[in-house]
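Participant: The structure is given below, and queries will be raised subsequently.
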Amino acid sequence: MATVEDNKQLIQEVLETYPEKAQKKRKQHLNVYEEGKSDCGVKSNKKSLPGVMTTRGCAYAGSKGVVWGPVKDMVHISHGPVGCGYYSWSGRRNYYIGTTGIDTFGTMQFTSDFQERDIVFGGDKKLTKLIHEIEELFPLNNGISIQSECPIGLIGDDIEAVARKTSKEIGKTVVPVRCEGFRGVSQSLGHHIANDSIRDWVFDKADNEESDWESTPYDVAIIGDYNIGGDAWSSRILLEEMGLRVVAQWSGDGTLEEMKNTPKVKLNLVHCYRSMNYISRHMEEKYGVPWHEYNFFGPTKIAESLRAIAEFFDDTIKEGAERVIAKYKADAEAVIAKYRPRLEGKKVMMMVGGLRPRHVVPAFYDLGMEVIGTGYEFGHGDDYKRTTNYVEDATLIYDDVTGYEFEKFVEALKPDLVASGIKEKYVFQKMALPFRQMHSWDYSGPYHGYDGFAIFARDMDLALNSPTWDLIKAPWKK
Amino acid sequence: MAQNVDNIQDHATLFQQPEYQELFQNKREFEGLPPNEEVQKAADWTKTWEYREKNFAREALTVNPAKACQPLGAILAAVGFEGTLPFVHGSQGCVAYFRSHFTRHFKEPFSAVSSSMTEDAAVFGGLKNMIDGLANAYTLYNPKMIAVCTTCMAEVIGDDLGAFIGNSKNEGSIPQDFPVPFAHTPSFVGSHITGYDNMMKGILTNLTEGKKKETTNGKINFIPGFETYIGNLRELKRLTSLLGVDATVLADNEDYLDSPNDGEFKMYQGGTPLEAAADAINAEQTIALQAYSTTKTREYIENQWKQGTSVIRPWGIKGTDDFLVALSQATGNPIPPELEKERGRAVDAITDTQAWVHGKKAALYGDPDLVLGLLQFLLEIGVEPVHVLVSNSNPKFEQEAKALLESSPFGQEATVWGGKDLWHMRSLLFTEPVDFLIGNSYGKYLWRDTGTPLIRIGYPIFDRHHLHRYATIGYSGAINLLNWIANGILDELDRNTIVPSKTDISYDLIR
């Protein structure tokens, strides 16, 4: 394993190619974790350099693609030109149960398809009309959100006024979201803006509404799980088995009703801290609902998390947590017994979004693997602080890594597996490197919970131990 | 059931287990969704003529459109040129989307950069981003050319690419003589095919400036258009070479989008050499394989290069015949016996299969040229197109499509639905059902809702592997199309005759 000094040297070498100005900026985002330090020593949440290959998206992607899009019983309008809605259509595998197009709308694309005249004359009238058309053609929708694309903010449309007006007219929740792509430096601001719109346009209006069910002392909500490949379900099942009642899921397979009821829970359970800490803090301040961050990747963290969650409740739940841990113990051990010998000592480099650059690390450890480099697409300072609890001395840390840097780091450190997104996948596979997509689980999943860990282990094995990697070099070139 | 380590279940089967089914049931208590009867009632209503009429009456709302925006097409054109890095001027999220979209379809790396404009650029313009961005892209990724296009953000604030690139050169971001062609590609005008056209024109304008010679170079230029079938680029080059045509493909992104895995990642693969592209101005003529993704480019070639252009879609037997005849006339070379044999084989395949496709009713959607190519083929094998839907349509296309349909007895029942989307298509399939639907992967939602079998042809195809590697043009492309369509019909027949002692009377071995 490379030492702290080795990796610092590597960073220096990789930076040398940049023009001076760019080099200075990028230098602040690359570092090496040193044991005992309170953060990873990198700056984050700053503008990406122009002209480099960043993997980052935009505020619209953060709001529509992540926070709002998976709310299944609402129609989310991609307001502006056709592209943003088109590219974010069905891209994230946020699984849900429902009759699409009738009572749920998760895999559909609704857009105002802006034309030149809409840019010139404004799109508010069109938006109003469009909302009425939605109401007529999709009467079982439970609400509408307006996801602003770049031109909306630039031409000064008043989507808030449209939302207020149409909400009265159709008698349903209509949420304007100012998530234009140019806001902020990545999708991260989109998460924040979306959270704020829930606060202002859902919670504030729902405060006086009655719910159909009675509260229990065991009510919790899953916050920040997008149900990629069903993650939230393989998490929910554990919480329910330990005796908790999950009354809301945010936002994968979630509904507007679930959102509205969340301030009544006893505890918010936050998985993706980055995208949903804002609304969790708000619920704590305004409604007095505490929140707790948990990690359901790999048996070590699952057990640790279940126990920590149980600490918020009485002995019934504490016993429930132990019962769940005991129930799945044999399964988890069987998975490790089968896969650890095949994966032991393999080195991984990661680069993902929200929580995964740190949360997945212990799942790799459970399988005997090492993580030698990690970084966030759009992490903030608090993410890098939290990361220190997960990584080991001399781990290479790269914030908003550019395509150029990532390739150079991988060439130098020679990991056995790269775990990142679709844009990176084939770059590394062309280098004959096993790769797994950690945004979408490479169309597999779920990866959360005990059921998910078995799939995770299987997938790492099938990636790393595929015979196909041995085919790459022609025999006459070997 | 918890996981069994010898048979680990992922989402496809895991969630069918009773404990998850129970979990879904219990969750309903909190969801606030309408009761099942109400959902069923609404679902049934969406299948009616009444709903269809309401659906077609909408004026402002678009649901599930079959089109993307301009820059996507622009960067597809750009990567067909040697050593070219696409640079999208605007907010960076767009490029992330384009790269993901192409990567998911081609299962290949796709390199493109953005000028990462944010709020400050929205206020002050994106010049600074351009200056820094070009310097970074040039130094870091070592391209031979950087092709710049815009996003809707840059267009709304009115950034002037020509001036910005000039300023960047003056600031020393890139050498003065380094080629930086550009195109304005606002997302609120046209679609991805418009972007392809604009970028192609931008690149050709830049590269050929001052390169016009007295005499021609004896070559013929070919513009594939917004082409996502790698096999088509190969087929084009094979056909032209068999006919002895000295061809320049503008632009050839075949290697870029289908690079070999040899253990090394190379950012730039193949592509039309910049010199060859520059010399395209001196060619004998330019043949485009698509009309609506090359409109402005052809106009430019005719007016500025003073070069003849034509559009020939080598789809199906007649389309390919026309293409080869045109090439034979242009070169004076005869059509080689090898191609005559190929033609014969394709025709043989069609006659072998005609009984299974004859009179079958089809719905189709896609880009205008793709749809026209398909229509040509469907009509000549005796399929009856019924619903022909194009989101990124225009009056000229609709006229052309109608004329083509009218020319065949099999086209008489068809309606061309220009500017409509896949939610319109859903109503059409419910009220006037057809035997099969041709379209891209998004059609799988229509397959589920309406039960119409889907033949995947078009872009994007995300959920099936390797279809894009085949050809759809030429005689070999005709066989591929026939294969997909006929075997799609036969698969459906098997599905409908598979229940033992109920429907399996016709579950035949020989078809």
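Letters for chains follow the order of the structure tokens (A, B, ...), residue numbers begin at 1 for each chain, and ligand numbers begin at 1 in the order shown.
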Can you pull out every residue within 10 Å of Ala22 (chain A), counting only C-alpha atoms, but drop anything in the same chain fewer than 5 positions away, and send it as number ranges by chain?
Facilitator: A: 15, 17, 27, 49-50, 52; B: 132-133, 135-136
Participant: Output the contact residues of chain B with respect to chain A at a cut-off of 7 Å, based on only C-alpha atoms, as a VMD selection string.
Facilitator: chain B and resid 2 to 3 5 8 10 to 11 30 to 32 39 42 to 43 55 58 60 to 64 68 to 69 91 to 93 96 to 97 99 to 101 103 107 to 109 112 to 119 129 132 to 134 136 to 137 139 to 140 152 to 153 156 187 to 189 261 to 265
Participant: Residues near Tyr278 (chain A), anyone? I mean within 10 Å using only C-alpha atoms, not counting same-chain ones fewer than 2 positions away, as JSON, numbers by chain.
Facilitator: {"A": [191, 192, 193, 194, 195, 196, 199, 273, 274, 275, 276, 280, 281, 282, 283, 284]}
Participant: Take the selection from the previous step and output its residues with N, CA, C and O atoms, as a tab-separated table (two decimals), in the first residue's frame.
Facilitator:
chain	number	residue	atom	x	y	z
A	191	HIS	N	-30.63	19.69	-4.30
A	191	HIS	CA	-31.19	18.97	-3.15
A	191	HIS	C	-31.70	19.96	-2.11
A	191	HIS	O	-32.80	19.83	-1.57
A	192	HIS	N	-30.87	20.96	-1.84
A	192	HIS	CA	-31.21	21.94	-0.81
A	192	HIS	C	-32.47	22.73	-1.20
A	192	HIS	O	-33.40	22.89	-0.41
A	193	ILE	N	-32.48	23.17	-2.46
A	193	ILE	CA	-33.63	23.94	-2.95
A	193	ILE	C	-34.90	23.09	-2.88
A	193	ILE	O	-35.96	23.56	-2.47
A	194	ALA	N	-34.77	21.83	-3.26
A	194	ALA	CA	-35.93	20.93	-3.23
A	194	ALA	C	-36.41	20.74	-1.79
A	194	ALA	O	-37.61	20.75	-1.51
A	195	ASN	N	-35.47	20.57	-0.86
A	195	ASN	CA	-35.83	20.44	0.56
A	195	ASN	C	-36.58	21.69	1.03
A	195	ASN	O	-37.59	21.59	1.73
A	196	ASP	N	-36.07	22.84	0.65
A	196	ASP	CA	-36.73	24.09	1.06
A	196	ASP	C	-38.13	24.19	0.48
A	196	ASP	O	-39.05	24.71	1.13
A	199	ARG	N	-40.40	22.20	2.58
A	199	ARG	CA	-40.67	22.96	3.80
A	199	ARG	C	-41.77	24.01	3.57
A	199	ARG	O	-42.75	24.08	4.30
A	273	TYR	N	-27.38	11.62	3.85
A	273	TYR	CA	-27.25	12.85	4.62
A	273	TYR	C	-27.14	14.07	3.70
A	273	TYR	O	-27.77	15.09	3.92
A	274	ARG	N	-26.34	13.91	2.65
A	274	ARG	CA	-26.07	15.06	1.78
A	274	ARG	C	-27.35	15.65	1.19
A	274	ARG	O	-27.54	16.85	1.16
A	275	SER	N	-28.25	14.80	0.73
A	275	SER	CA	-29.39	15.32	-0.01
A	275	SER	C	-30.56	15.69	0.90
A	275	SER	O	-31.46	16.41	0.47
A	276	MET	N	-30.59	15.21	2.14
A	276	MET	CA	-31.79	15.41	2.94
A	276	MET	C	-31.52	15.91	4.35
A	276	MET	O	-32.41	15.88	5.19
A	280	SER	N	-34.35	17.41	7.34
A	280	SER	CA	-34.31	16.72	8.64
A	280	SER	C	-34.04	17.73	9.76
A	280	SER	O	-34.66	17.68	10.82
A	281	ARG	N	-33.12	18.65	9.51
A	281	ARG	CA	-32.84	19.70	10.51
A	281	ARG	C	-34.08	20.57	10.73
A	281	ARG	O	-34.39	20.96	11.86
A	282	HIS	N	-34.76	20.86	9.62
A	282	HIS	CA	-35.96	21.69	9.74
A	282	HIS	C	-37.01	21.00	10.60
A	282	HIS	O	-37.63	21.62	11.47
A	283	MET	N	-37.20	19.69	10.37
A	283	MET	CA	-38.21	18.97	11.16
A	283	MET	C	-37.80	18.92	12.63
A	283	MET	O	-38.64	18.92	13.51
A	284	GLU	N	-36.52	18.89	12.88
A	284	GLU	CA	-36.04	18.90	14.26
A	284	GLU	C	-36.36	20.24	14.92
A	284	GLU	O	-36.90	20.31	16.02
Participant: Among region 214-447 of chain B, which residues carry a DSSP assignment of helix (DSSP H, G or I), reported as a ChimeraX atom specification?
Facilitator: /B:230-242,274-282,295-305,316-331,337-357,368-381,395-406,409-411,422-431,441-447
Participant: Tell me which protein, DNA and RNA residues are within 7 Å of Arg469 (chain B), counting only C-alpha atoms, leaving out same-chain ones fewer than 5 positions away, and put them as a PyMOL selection string.
Facilitator: chain B and resi 229-231
Participant: Dump N, CA, C and O atoms for the selected residues as a PDB file, in the first residue's frame?
Facilitator:
ATOM      1  N   TYR B 229     -26.455   3.756 -35.469  1.00  0.00           N
ATOM      2  CA  TYR B 229     -26.111   2.357 -35.764  1.00  0.00           C
ATOM      3  C   TYR B 229     -24.683   2.294 -36.298  1.00  0.00           C
ATOM      4  O   TYR B 229     -24.401   2.758 -37.404  1.00  0.00           O
ATOM      5  N   ILE B 230     -23.812   1.735 -35.456  1.00  0.00           N
ATOM      6  CA  ILE B 230     -22.414   1.615 -35.857  1.00  0.00           C
ATOM      7  C   ILE B 230     -22.309   0.805 -37.150  1.00  0.00           C
ATOM      8  O   ILE B 230     -21.518   1.102 -38.032  1.00  0.00           O
ATOM      9  N   GLY B 231     -23.141  -0.228 -37.244  1.00  0.00           N
ATOM     10  CA  GLY B 231     -23.138  -1.071 -38.435  1.00  0.00           C
ATOM     11  C   GLY B 231     -23.412  -0.276 -39.701  1.00  0.00           C
ATOM     12  O   GLY B 231     -22.944  -0.642 -40.782  1.00  0.00           O
TER      13      GLY B 231
END
Participant: Need the shell around Gly126 (chain B): protein/DNA/RNA residues with any atom at most 10 Å away, counting only C-alpha atoms. Skip same-chain ones fewer than 4 positions apart. Format as a list in words?
Facilitator: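 The contact residues come out as His89, Gly90, Ser91, Ser115, Ser116, Met117, Thr118, Asp120, Ala121, Ala122, Met130, Ile131, Met153, Ala154, Ile157, Gly158, Asp159, Asp160, Leu161 and Phe164 of chain B.
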Participant: With N, CA, C and O atoms retained, could you export that selection as an mmCIF file, in the first residue's frame?
Facilitator:
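again-v2.cif was written with the following content:
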data_model
loop_
_atom_site.group_PDB
_atom_site.id
_atom_site.type_symbol
_atom_site.label_atom_id
_atom_site.label_comp_id
_atom_site.auth_asym_id
_atom_site.auth_seq_id
_atom_site.Cartn_x
_atom_site.Cartn_y
_atom_site.Cartn_z
ATOM 1 N N HIS B 89 -20.871 24.966 -24.176
ATOM 2 C CA HIS B 89 -20.815 26.225 -23.446
ATOM 3 C C HIS B 89 -22.134 26.429 -22.707
ATOM 4 O O HIS B 89 -23.180 26.624 -23.328
ATOM 5 N N GLY B 90 -22.064 26.373 -21.380
ATOM 6 C CA GLY B 90 -23.269 26.572 -20.583
ATOM 7 C C GLY B 90 -23.139 25.875 -19.249
ATOM 8 O O GLY B 90 -22.042 25.591 -18.775
ATOM 9 N N SER B 91 -24.278 25.588 -18.668
ATOM 10 C CA SER B 91 -24.332 24.922 -17.368
ATOM 11 C C SER B 91 -23.847 23.482 -17.522
ATOM 12 O O SER B 91 -24.133 22.823 -18.504
ATOM 13 N N SER B 115 -18.310 24.398 -20.093
ATOM 14 C CA SER B 115 -17.658 25.578 -19.523
ATOM 15 C C SER B 115 -18.181 25.849 -18.112
ATOM 16 O O SER B 115 -17.836 26.860 -17.507
ATOM 17 N N SER B 116 -19.013 24.944 -17.599
ATOM 18 C CA SER B 116 -19.439 24.998 -16.193
ATOM 19 C C SER B 116 -19.909 26.385 -15.755
ATOM 20 O O SER B 116 -19.427 26.951 -14.779
ATOM 21 N N MET B 117 -20.850 26.934 -16.484
ATOM 22 C CA MET B 117 -21.355 28.263 -16.127
ATOM 23 C C MET B 117 -22.305 28.194 -14.933
ATOM 24 O O MET B 117 -23.142 27.307 -14.853
ATOM 25 N N THR B 118 -22.173 29.148 -14.021
ATOM 26 C CA THR B 118 -23.058 29.213 -12.845
ATOM 27 C C THR B 118 -23.669 30.611 -12.759
ATOM 28 O O THR B 118 -23.673 31.345 -13.745
ATOM 29 N N ASP B 120 -22.829 33.487 -11.596
ATOM 30 C CA ASP B 120 -22.058 34.673 -11.995
ATOM 31 C C ASP B 120 -22.035 34.814 -13.515
ATOM 32 O O ASP B 120 -22.151 35.906 -14.065
ATOM 33 N N ALA B 121 -21.935 33.681 -14.191
ATOM 34 C CA ALA B 121 -21.945 33.726 -15.654
ATOM 35 C C ALA B 121 -23.316 34.149 -16.172
ATOM 36 O O ALA B 121 -23.424 34.822 -17.200
ATOM 37 N N ALA B 122 -24.369 33.764 -15.431
ATOM 38 C CA ALA B 122 -25.718 34.156 -15.847
ATOM 39 C C ALA B 122 -25.839 35.673 -15.827
ATOM 40 O O ALA B 122 -26.560 36.274 -16.623
ATOM 41 N N MET B 130 -15.301 30.623 -20.934
ATOM 42 C CA MET B 130 -14.804 30.155 -22.231
ATOM 43 C C MET B 130 -13.282 30.266 -22.294
ATOM 44 O O MET B 130 -12.599 29.330 -22.719
ATOM 45 N N ILE B 131 -12.773 31.395 -21.835
ATOM 46 C CA ILE B 131 -11.322 31.607 -21.894
ATOM 47 C C ILE B 131 -10.598 30.557 -21.053
ATOM 48 O O ILE B 131 -9.670 29.893 -21.519
ATOM 49 N N MET B 153 -28.992 27.870 -21.725
ATOM 50 C CA MET B 153 -28.582 28.948 -20.820
ATOM 51 C C MET B 153 -27.762 30.007 -21.569
ATOM 52 O O MET B 153 -28.062 31.199 -21.521
ATOM 53 N N ALA B 154 -26.719 29.542 -22.265
ATOM 54 C CA ALA B 154 -25.859 30.483 -22.996
ATOM 55 C C ALA B 154 -26.659 31.240 -24.052
ATOM 56 O O ALA B 154 -26.401 32.413 -24.321
ATOM 57 N N ILE B 157 -28.903 34.064 -22.400
ATOM 58 C CA ILE B 157 -28.161 35.271 -22.002
ATOM 59 C C ILE B 157 -27.429 35.893 -23.195
ATOM 60 O O ILE B 157 -26.836 36.958 -23.069
ATOM 61 N N GLY B 158 -27.480 35.211 -24.335
ATOM 62 C CA GLY B 158 -26.976 35.823 -25.570
ATOM 63 C C GLY B 158 -25.475 35.799 -25.760
ATOM 64 O O GLY B 158 -24.912 36.696 -26.395
ATOM 65 N N ASP B 159 -24.801 34.791 -25.254
ATOM 66 C CA ASP B 159 -23.346 34.696 -25.463
ATOM 67 C C ASP B 159 -23.024 34.511 -26.949
ATOM 68 O O ASP B 159 -23.658 33.719 -27.633
ATOM 69 N N ASP B 160 -22.015 35.224 -27.409
ATOM 70 C CA ASP B 160 -21.626 35.202 -28.818
ATOM 71 C C ASP B 160 -20.388 34.327 -28.979
ATOM 72 O O ASP B 160 -19.268 34.748 -28.702
ATOM 73 N N LEU B 161 -20.586 33.103 -29.460
ATOM 74 C CA LEU B 161 -19.484 32.143 -29.516
ATOM 75 C C LEU B 161 -18.326 32.608 -30.386
ATOM 76 O O LEU B 161 -17.167 32.479 -30.003
ATOM 77 N N PHE B 164 -16.361 35.133 -28.574
ATOM 78 C CA PHE B 164 -15.731 34.556 -27.375
ATOM 79 C C PHE B 164 -14.501 33.715 -27.736
ATOM 80 O O PHE B 164 -13.480 33.756 -27.056
#
Participant: Taking only C-alpha atoms into account, which of B:Ile174, B:Val325, B:Ile461, B:Cys149 comes nearest Asn198 (chain B)?
Facilitator: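 Ranking B:Ile174, B:Val325, B:Ile461, B:Cys149 by distance to Asn198 (chain B), first place goes to B:Cys149.
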